[in-house]
Protein chains: 2
Amino acid sequence: MTSSDKTCDRGEEEADTAGASGPLPVRPLRKDAERNRQRILKAAAEVFTERGLEATLDDVARHAGVGVGTVYRRFPDKASLADALFEERIDALVEMAEHAQGEPDAWAALVSFLERGAEMLTSDRGLRQILMFAAYGHERVGYARDRMRPAIGRLLERAQADGQVRPDLGPTDIPLIEFMLGAAAEYTRHVRPTIWRRYLALMLDALRPARDSFSPLPEPELSADEMIVAMHSNPLSRHVLHKAPEIRNRPTARRDPSARGNTQ
Amino acid sequence: MTSSDKTCDRGEEEADTAGASGPLPVRPLRKDAERNRQRILKAAAEVFTERGLEATLDDVARHAGVGVGTVYRRFPDKASLADALFEERIDALVEMAEHAQGEPDAWAALVSFLERGAEMLTSDRGLRQILMFAAYGHERVGYARDRMRPAIGRLLERAQADGQVRPDLGPTDIPLIEFMLGAAAEYTRHVRPTIWRRYLALMLDALRPARDSFSPLPEPELSADEMIVAMHSNPLSRHVLHKAPEIRNRPTARRDPSARGNTQ
DNA sequence: GCAGAAATGGAGATGCGATCTCCACTCATG
DNA sequence: CATGAGTGGAGATCGCATCTCCATTTCTGC
């Protein structure tokens, strides 16, 4: 599946198709329609980035100032929208991995990759969900993974060959570290979304084969209060807890003690 | 709220209450009922531990070999069951923190705390959700947190005073590290639930003020295949994606190209 | 044994919220 | 202006988890 058969993915490619009798003339959208399409994409980017994929298409529509109907006209379903939306993000991720090769210093290359990757991952809830939790876009993600694997391998091996990174690390450790940082960011996203930098710094210290001191940590620790807020601002989706449906009439007192109240 | 007004929490305390005219005689459960109560608790422990709180009370009931009705007779709702269930777990966590103080070596004390804490956290999805995602039992969790904070503080300060831990760490770093390990375990739970030990070892190296070499990592890295499986075994809850309702009749082809097919 | 209280199971009522449809209307476009 | 592409948003539909209800079964005290 090449993805474009699933998405109403119309870039700029097929501008007019002149008078050709090609199979799909695809007239360009009317001007207002195209404008709405862009609005939807923009709104979706904002909403999914901030609140993740649990945002509703109704939310997206409202944010875009259009009706849901309009969203559904342009994108057959939520998956298509997400897919269209994260295509560029994922490509950016891959490109970044390949680009990091260019850095002359092996350690700097690895650090830059870790840092920029974490930046992307921690600043975009939707992307995180797509990458970490097989949500939508399997093909795209699989493709990204296949492209990144060798890039990461080279990055790591080069740093190890240089003696800049401990030799007992393997390529899969890198994404897992990024995921852990992503988890930290997710967790603290309402209090201090940048705390991950602190833990990345810590991790980087851990990656070195030896050190004679600790490198300064870029972020202050979470204060006790921030910690408390963080714990409370991660309510498990109401779906997991399935919010008890308001006040259901609870006619008979449910505790069994009461059941024995009236003797017999 | 003292929790016990919410839970049908009947321990062994009130055995019979003789002939007293006390307000709540609370006759003991019938033998079969008590046996079922235990079964439910046991089943809930297993189910919640393994699958987390998204497990249904129907699941618990089935696992216990009783009907849902029976579960609801004993525990007014899911929260009560979870609360009753995790009381002991959370107490164990607190006790562990306080117990770690006993360890003569400051570094060993901290390590033991981190390790045993992570063990608990990584082996119990339900506990993780309760601690990390304000799910149920707020009071209990708050209490645990208040008890643990000073214990952790002492643990850390002692190790720092000894020069065994870098001085730029603060007490909130400890739980956050545990949470990151928890996230890693969550992520790899179907492939290699113990991989967190690898990252704990890495983190421990990072915590030291200086080192002249890396300490051996206890777990092999994830293989590329394991990584792929991990990525695919974390489907975002179908609620987040809201599974498209099977094949909904999709009468008109939805792609707009088709809309212009009949040359208007 | 037996009477009757206690306990049970599990089908279904209830509520909820997300997805997607439908169509009377609006308004670009030629 | 005439026409049909485009719109919005109320509501149909659906799936699912929670909790209820009561005919039936099981225990217990006498």
# chains A, B, ... in the order shown; residues from 1 in each chain; ligands from 1
$ interface_residues --of "chain C" --to "chain B" --cutoff "7 Å" --atoms "only C-alpha atoms (C1' of nucleotides)" --output "list in words"
DA7, DT8, DG9, DG10, DA18 and DT19 of chain C
$ interface_residues --of "chain A" --to "chain B" --cutoff "6 Å" --atoms "only C-alpha atoms" --output "list in words"
Val26, Glu54, Met132, Phe133, Ala134, Ala135, Thr172, Met180, Leu202, Asp205, Ala206, Pro209, Ala210, Arg211, Asp212, Ser213, Phe214, Leu222, Met231, His232, Asn234, Pro235, Leu236, Val240 and Pro257 of chain A
$ write_last_selection --atoms "N, CA and C atoms" --output "tab-separated table (two decimals), in the first residue's frame"
chain	number	residue	atom	x	y	z
A	26	VAL	N	-9.01	15.19	-12.42
A	26	VAL	CA	-8.96	15.81	-11.09
A	26	VAL	C	-8.95	17.33	-11.14
A	54	GLU	N	-6.18	11.62	20.35
A	54	GLU	CA	-7.49	11.46	20.97
A	54	GLU	C	-8.39	12.64	20.69
A	132	MET	N	5.24	5.58	18.52
A	132	MET	CA	5.38	4.66	19.63
A	132	MET	C	4.24	3.68	19.74
A	133	PHE	N	3.06	4.10	19.33
A	133	PHE	CA	1.91	3.24	19.50
A	133	PHE	C	1.23	2.97	18.19
A	134	ALA	N	1.86	2.21	17.38
A	134	ALA	CA	1.24	1.74	16.15
A	134	ALA	C	-0.11	2.36	15.86
A	135	ALA	N	-0.18	3.66	15.87
A	135	ALA	CA	-1.45	4.32	15.55
A	135	ALA	C	-1.38	4.82	14.13
A	172	THR	N	19.41	-0.34	18.66
A	172	THR	CA	18.05	-0.17	19.15
A	172	THR	C	17.99	0.64	20.44
A	180	MET	N	11.95	6.91	25.86
A	180	MET	CA	11.87	7.20	27.30
A	180	MET	C	11.80	8.70	27.52
A	202	LEU	N	21.67	13.64	31.16
A	202	LEU	CA	22.06	12.54	32.05
A	202	LEU	C	22.42	11.32	31.21
A	205	ASP	N	25.72	11.50	29.46
A	205	ASP	CA	26.82	11.16	30.36
A	205	ASP	C	26.96	9.65	30.48
A	206	ALA	N	25.83	8.99	30.47
A	206	ALA	CA	25.87	7.53	30.63
A	206	ALA	C	26.45	6.85	29.40
A	209	PRO	N	32.18	6.31	27.47
A	209	PRO	CA	32.89	5.15	28.03
A	209	PRO	C	33.46	5.46	29.42
A	210	ALA	N	33.85	6.70	29.65
A	210	ALA	CA	34.36	7.10	30.96
A	210	ALA	C	34.21	8.61	31.07
A	211	ARG	N	34.21	9.09	32.31
A	211	ARG	CA	34.12	10.54	32.48
A	211	ARG	C	34.85	10.89	33.77
A	212	ASP	N	35.39	12.10	33.82
A	212	ASP	CA	35.96	12.47	35.11
A	212	ASP	C	35.10	13.47	35.86
A	213	SER	N	33.97	13.83	35.31
A	213	SER	CA	33.03	14.65	36.08
A	213	SER	C	31.69	14.60	35.38
A	214	PHE	N	30.73	15.20	36.01
A	214	PHE	CA	29.41	15.24	35.39
A	214	PHE	C	29.29	16.51	34.58
A	222	LEU	N	12.34	19.01	38.59
A	222	LEU	CA	10.96	19.37	38.89
A	222	LEU	C	10.86	19.71	40.37
A	231	MET	N	1.60	14.58	38.23
A	231	MET	CA	0.89	13.34	38.52
A	231	MET	C	-0.60	13.51	38.31
A	232	HIS	N	-1.09	14.70	38.58
A	232	HIS	CA	-2.54	14.88	38.46
A	232	HIS	C	-2.97	15.34	37.09
A	234	ASN	N	-2.26	13.89	34.35
A	234	ASN	CA	-2.23	12.78	33.41
A	234	ASN	C	-3.39	11.84	33.65
A	235	PRO	N	-4.57	12.36	33.68
A	235	PRO	CA	-5.68	11.46	33.94
A	235	PRO	C	-5.71	10.40	32.86
A	236	LEU	N	-5.85	9.20	33.28
A	236	LEU	CA	-5.97	8.11	32.32
A	236	LEU	C	-7.23	8.38	31.52
A	240	VAL	N	-10.40	4.45	29.62
A	240	VAL	CA	-9.79	3.36	30.37
A	240	VAL	C	-10.55	3.19	31.68
A	257	PRO	N	-23.85	-4.52	54.36
A	257	PRO	CA	-24.29	-4.33	55.74
A	257	PRO	C	-25.75	-3.93	55.81
$ interface_residues --of "chain D" --to "chain A" --cutoff "8 Å" --atoms "only C-alpha atoms (C1' of nucleotides)" --output "PDB file with N, CA and C atoms (P, O5', C5', C4', C3', O3' and C1' of nucleotides), in the first residue's frame"
ATOM      1  P    DA D   5     -20.738  19.497  -9.379  1.00  0.00           P
ATOM      2  O5'  DA D   5     -19.474  20.026  -8.578  1.00  0.00           O
ATOM      3  C5'  DA D   5     -18.721  21.117  -9.099  1.00  0.00           C
ATOM      4  C4'  DA D   5     -18.231  21.991  -7.972  1.00  0.00           C
ATOM      5  C3'  DA D   5     -17.643  21.219  -6.798  1.00  0.00           C
ATOM      6  O3'  DA D   5     -16.580  22.003  -6.296  1.00  0.00           O
ATOM      7  C1'  DA D   5     -19.502  22.484  -6.043  1.00  0.00           C
ATOM      8  P    DG D   6     -15.733  21.447  -5.101  1.00  0.00           P
ATOM      9  O5'  DG D   6     -16.478  22.123  -3.894  1.00  0.00           O
ATOM     10  C5'  DG D   6     -16.386  23.526  -3.727  1.00  0.00           C
ATOM     11  C4'  DG D   6     -17.120  23.922  -2.467  1.00  0.00           C
ATOM     12  C3'  DG D   6     -16.736  23.088  -1.232  1.00  0.00           C
ATOM     13  O3'  DG D   6     -16.339  24.005  -0.234  1.00  0.00           O
ATOM     14  C1'  DG D   6     -19.075  23.236  -1.439  1.00  0.00           C
ATOM     15  P    DT D   7     -16.006  23.481   1.205  1.00  0.00           P
ATOM     16  O5'  DT D   7     -17.398  23.784   1.908  1.00  0.00           O
ATOM     17  C5'  DT D   7     -17.845  25.124   1.968  1.00  0.00           C
ATOM     18  C4'  DT D   7     -19.042  25.196   2.900  1.00  0.00           C
ATOM     19  C3'  DT D   7     -18.788  24.525   4.255  1.00  0.00           C
ATOM     20  O3'  DT D   7     -19.030  25.466   5.269  1.00  0.00           O
ATOM     21  C1'  DT D   7     -20.846  23.790   3.302  1.00  0.00           C
ATOM     22  P    DG D   8     -18.240  25.263   6.591  1.00  0.00           P
ATOM     23  O5'  DG D   8     -19.477  25.121   7.569  1.00  0.00           O
ATOM     24  C5'  DG D   8     -20.608  25.912   7.353  1.00  0.00           C
ATOM     25  C4'  DG D   8     -21.751  25.329   8.145  1.00  0.00           C
ATOM     26  C3'  DG D   8     -21.357  24.695   9.474  1.00  0.00           C
ATOM     27  O3'  DG D   8     -22.403  24.931  10.359  1.00  0.00           O
ATOM     28  C1'  DG D   8     -22.350  23.051   8.120  1.00  0.00           C
ATOM     29  P    DG D   9     -22.201  25.357  11.761  1.00  0.00           P
ATOM     30  O5'  DG D   9     -23.275  24.443  12.505  1.00  0.00           O
ATOM     31  C5'  DG D   9     -24.521  24.205  11.864  1.00  0.00           C
ATOM     32  C4'  DG D   9     -24.987  22.811  12.211  1.00  0.00           C
ATOM     33  C3'  DG D   9     -24.350  22.230  13.482  1.00  0.00           C
ATOM     34  O3'  DG D   9     -25.326  21.438  14.100  1.00  0.00           O
ATOM     35  C1'  DG D   9     -23.995  20.790  11.730  1.00  0.00           C
ATOM     36  P    DA D  17     -15.261  -2.488  26.433  1.00  0.00           P
ATOM     37  O5'  DA D  17     -15.314  -1.857  27.894  1.00  0.00           O
ATOM     38  C5'  DA D  17     -15.157  -0.468  28.049  1.00  0.00           C
ATOM     39  C4'  DA D  17     -16.028  -0.015  29.189  1.00  0.00           C
ATOM     40  C3'  DA D  17     -16.097  -1.006  30.350  1.00  0.00           C
ATOM     41  O3'  DA D  17     -15.923  -0.296  31.562  1.00  0.00           O
ATOM     42  C1'  DA D  17     -18.280  -0.507  29.585  1.00  0.00           C
ATOM     43  P    DT D  18     -16.014  -1.001  32.977  1.00  0.00           P
ATOM     44  O5'  DT D  18     -17.304  -0.318  33.598  1.00  0.00           O
ATOM     45  C5'  DT D  18     -17.569   1.036  33.350  1.00  0.00           C
ATOM     46  C4'  DT D  18     -18.946   1.387  33.869  1.00  0.00           C
ATOM     47  C3'  DT D  18     -19.283   0.790  35.230  1.00  0.00           C
ATOM     48  O3'  DT D  18     -19.966   1.782  35.977  1.00  0.00           O
ATOM     49  C1'  DT D  18     -20.894   0.095  33.643  1.00  0.00           C
TER      50       DT D  18
END
$ select_by_dssp --residues "stretch 67-239 of chain A" --states "helix (DSSP H, G or I)" --output "PyMOL selection string"
chain A and resi 68-74+78-100+106-122+125-132+138-161+173-187+196-207+224-232+238-239
$ write_last_selection --atoms "C-alpha atoms" --output "mmCIF file, in the first residue's frame"
data_model
loop_
_atom_site.group_PDB
_atom_site.id
_atom_site.type_symbol
_atom_site.label_atom_id
_atom_site.label_comp_id
_atom_site.auth_asym_id
_atom_site.auth_seq_id
_atom_site.Cartn_x
_atom_site.Cartn_y
_atom_site.Cartn_z
ATOM 1 C CA VAL A 68 -17.355 18.310 10.341
ATOM 2 C CA GLY A 69 -18.981 17.562 7.068
ATOM 3 C CA THR A 70 -16.320 19.546 5.322
ATOM 4 C CA VAL A 71 -13.591 17.593 7.015
ATOM 5 C CA TYR A 72 -15.160 14.331 5.967
ATOM 6 C CA ARG A 73 -15.551 15.546 2.429
ATOM 7 C CA ARG A 74 -11.817 16.114 2.153
ATOM 8 C CA LYS A 78 -9.442 10.285 10.697
ATOM 9 C CA ALA A 79 -6.658 7.938 9.662
ATOM 10 C CA SER A 80 -6.323 9.617 6.280
ATOM 11 C CA LEU A 81 -6.072 13.015 7.831
ATOM 12 C CA ALA A 82 -3.488 11.875 10.343
ATOM 13 C CA ASP A 83 -1.591 10.092 7.640
ATOM 14 C CA ALA A 84 -1.515 13.105 5.343
ATOM 15 C CA LEU A 85 -0.493 15.219 8.230
ATOM 16 C CA PHE A 86 2.363 13.166 9.554
ATOM 17 C CA GLU A 87 3.873 12.335 6.239
ATOM 18 C CA GLU A 88 6.099 15.371 6.264
ATOM 19 C CA ARG A 89 6.942 14.964 9.922
ATOM 20 C CA ILE A 90 8.130 11.442 9.435
ATOM 21 C CA ASP A 91 10.089 12.387 6.382
ATOM 22 C CA ALA A 92 11.751 15.124 8.371
ATOM 23 C CA LEU A 93 12.716 12.562 10.974
ATOM 24 C CA VAL A 94 14.323 10.309 8.402
ATOM 25 C CA GLU A 95 16.090 13.151 6.730
ATOM 26 C CA MET A 96 17.424 14.279 10.045
ATOM 27 C CA ALA A 97 18.903 10.878 10.725
ATOM 28 C CA GLU A 98 20.616 10.884 7.383
ATOM 29 C CA HIS A 99 21.677 14.448 7.666
ATOM 30 C CA ALA A 100 23.349 13.890 11.035
ATOM 31 C CA ALA A 106 31.195 11.447 15.631
ATOM 32 C CA TRP A 107 30.041 12.282 19.129
ATOM 33 C CA ALA A 108 28.508 15.553 18.053
ATOM 34 C CA ALA A 109 26.686 13.731 15.295
ATOM 35 C CA LEU A 110 25.134 11.286 17.702
ATOM 36 C CA VAL A 111 24.232 13.998 20.170
ATOM 37 C CA SER A 112 22.684 16.120 17.496
ATOM 38 C CA PHE A 113 20.618 13.209 16.309
ATOM 39 C CA LEU A 114 19.439 12.351 19.784
ATOM 40 C CA GLU A 115 18.670 15.919 20.576
ATOM 41 C CA ARG A 116 16.869 16.842 17.417
ATOM 42 C CA GLY A 117 14.986 13.589 17.393
ATOM 43 C CA ALA A 118 13.884 14.120 20.955
ATOM 44 C CA GLU A 119 12.866 17.644 20.104
ATOM 45 C CA MET A 120 10.547 16.388 17.424
ATOM 46 C CA LEU A 121 9.222 13.567 19.504
ATOM 47 C CA THR A 122 8.642 15.572 22.630
ATOM 48 C CA ARG A 125 1.992 14.275 20.869
ATOM 49 C CA GLY A 126 0.451 13.020 17.693
ATOM 50 C CA LEU A 127 3.771 12.072 16.188
ATOM 51 C CA ARG A 128 4.726 10.332 19.375
ATOM 52 C CA GLN A 129 1.571 8.282 19.308
ATOM 53 C CA ILE A 130 2.091 7.373 15.708
ATOM 54 C CA LEU A 131 5.662 6.279 16.263
ATOM 55 C CA MET A 132 5.379 4.657 19.635
ATOM 56 C CA HIS A 138 1.850 1.651 9.617
ATOM 57 C CA GLU A 139 3.339 1.721 6.181
ATOM 58 C CA ARG A 140 4.820 5.125 6.568
ATOM 59 C CA VAL A 141 6.232 4.283 9.957
ATOM 60 C CA GLY A 142 7.650 1.028 8.721
ATOM 61 C CA TYR A 143 9.291 2.825 5.879
ATOM 62 C CA ALA A 144 10.748 5.427 8.221
ATOM 63 C CA ARG A 145 12.082 2.714 10.473
ATOM 64 C CA ASP A 146 13.746 0.880 7.637
ATOM 65 C CA ARG A 147 15.399 4.039 6.467
ATOM 66 C CA MET A 148 16.550 5.070 9.903
ATOM 67 C CA ARG A 149 17.935 1.803 11.115
ATOM 68 C CA PRO A 150 21.098 1.830 9.011
ATOM 69 C CA ALA A 151 21.592 5.540 9.598
ATOM 70 C CA ILE A 152 21.456 5.073 13.331
ATOM 71 C CA GLY A 153 23.734 2.079 13.113
ATOM 72 C CA ARG A 154 26.377 4.066 11.289
ATOM 73 C CA LEU A 155 26.065 6.981 13.661
ATOM 74 C CA LEU A 156 26.593 4.758 16.647
ATOM 75 C CA GLU A 157 29.372 2.645 15.208
ATOM 76 C CA ARG A 158 31.325 5.637 14.155
ATOM 77 C CA ALA A 159 31.152 7.135 17.635
ATOM 78 C CA GLN A 160 32.128 3.812 19.134
ATOM 79 C CA ALA A 161 35.009 3.343 16.739
ATOM 80 C CA ASP A 173 19.116 1.553 22.329
ATOM 81 C CA ILE A 174 18.929 4.875 20.578
ATOM 82 C CA PRO A 175 15.243 4.892 19.710
ATOM 83 C CA LEU A 176 14.408 3.421 23.073
ATOM 84 C CA ILE A 177 16.202 6.241 24.793
ATOM 85 C CA GLU A 178 14.265 8.670 22.667
ATOM 86 C CA PHE A 179 11.054 6.951 23.621
ATOM 87 C CA MET A 180 11.868 7.198 27.296
ATOM 88 C CA LEU A 181 12.497 10.879 26.874
ATOM 89 C CA GLY A 182 9.238 11.114 25.006
ATOM 90 C CA ALA A 183 7.515 9.458 27.926
ATOM 91 C CA ALA A 184 9.052 11.949 30.341
ATOM 92 C CA ALA A 185 7.885 14.821 28.172
ATOM 93 C CA GLU A 186 4.430 13.362 27.933
ATOM 94 C CA TYR A 187 4.317 13.071 31.635
ATOM 95 C CA TRP A 196 13.504 15.865 28.954
ATOM 96 C CA ARG A 197 16.617 17.889 28.228
ATOM 97 C CA ARG A 198 17.746 17.218 31.745
ATOM 98 C CA TYR A 199 17.391 13.512 31.299
ATOM 99 C CA LEU A 200 18.937 13.549 27.888
ATOM 100 C CA ALA A 201 21.978 15.228 29.408
ATOM 101 C CA LEU A 202 22.058 12.543 32.048
ATOM 102 C CA MET A 203 21.782 9.854 29.441
ATOM 103 C CA LEU A 204 24.538 11.357 27.370
ATOM 104 C CA ASP A 205 26.816 11.164 30.365
ATOM 105 C CA ALA A 206 25.873 7.529 30.631
ATOM 106 C CA LEU A 207 26.750 6.842 27.016
ATOM 107 C CA ALA A 224 7.852 18.980 44.501
ATOM 108 C CA ASP A 225 4.783 20.930 43.510
ATOM 109 C CA GLU A 226 5.427 20.484 39.846
ATOM 110 C CA MET A 227 5.742 16.788 40.476
ATOM 111 C CA ILE A 228 2.348 16.723 42.110
ATOM 112 C CA VAL A 229 0.761 18.676 39.316
ATOM 113 C CA ALA A 230 2.348 16.363 36.786
ATOM 114 C CA MET A 231 0.895 13.344 38.523
ATOM 115 C CA HIS A 232 -2.536 14.877 38.464
ATOM 116 C CA ARG A 238 -11.823 8.383 30.575
ATOM 117 C CA HIS A 239 -12.154 5.400 28.351
#
$ atom_distance --atom1 "atom C1' of C:DT29" --atom2 "atom CA of A:Gln38"
20.4 Å
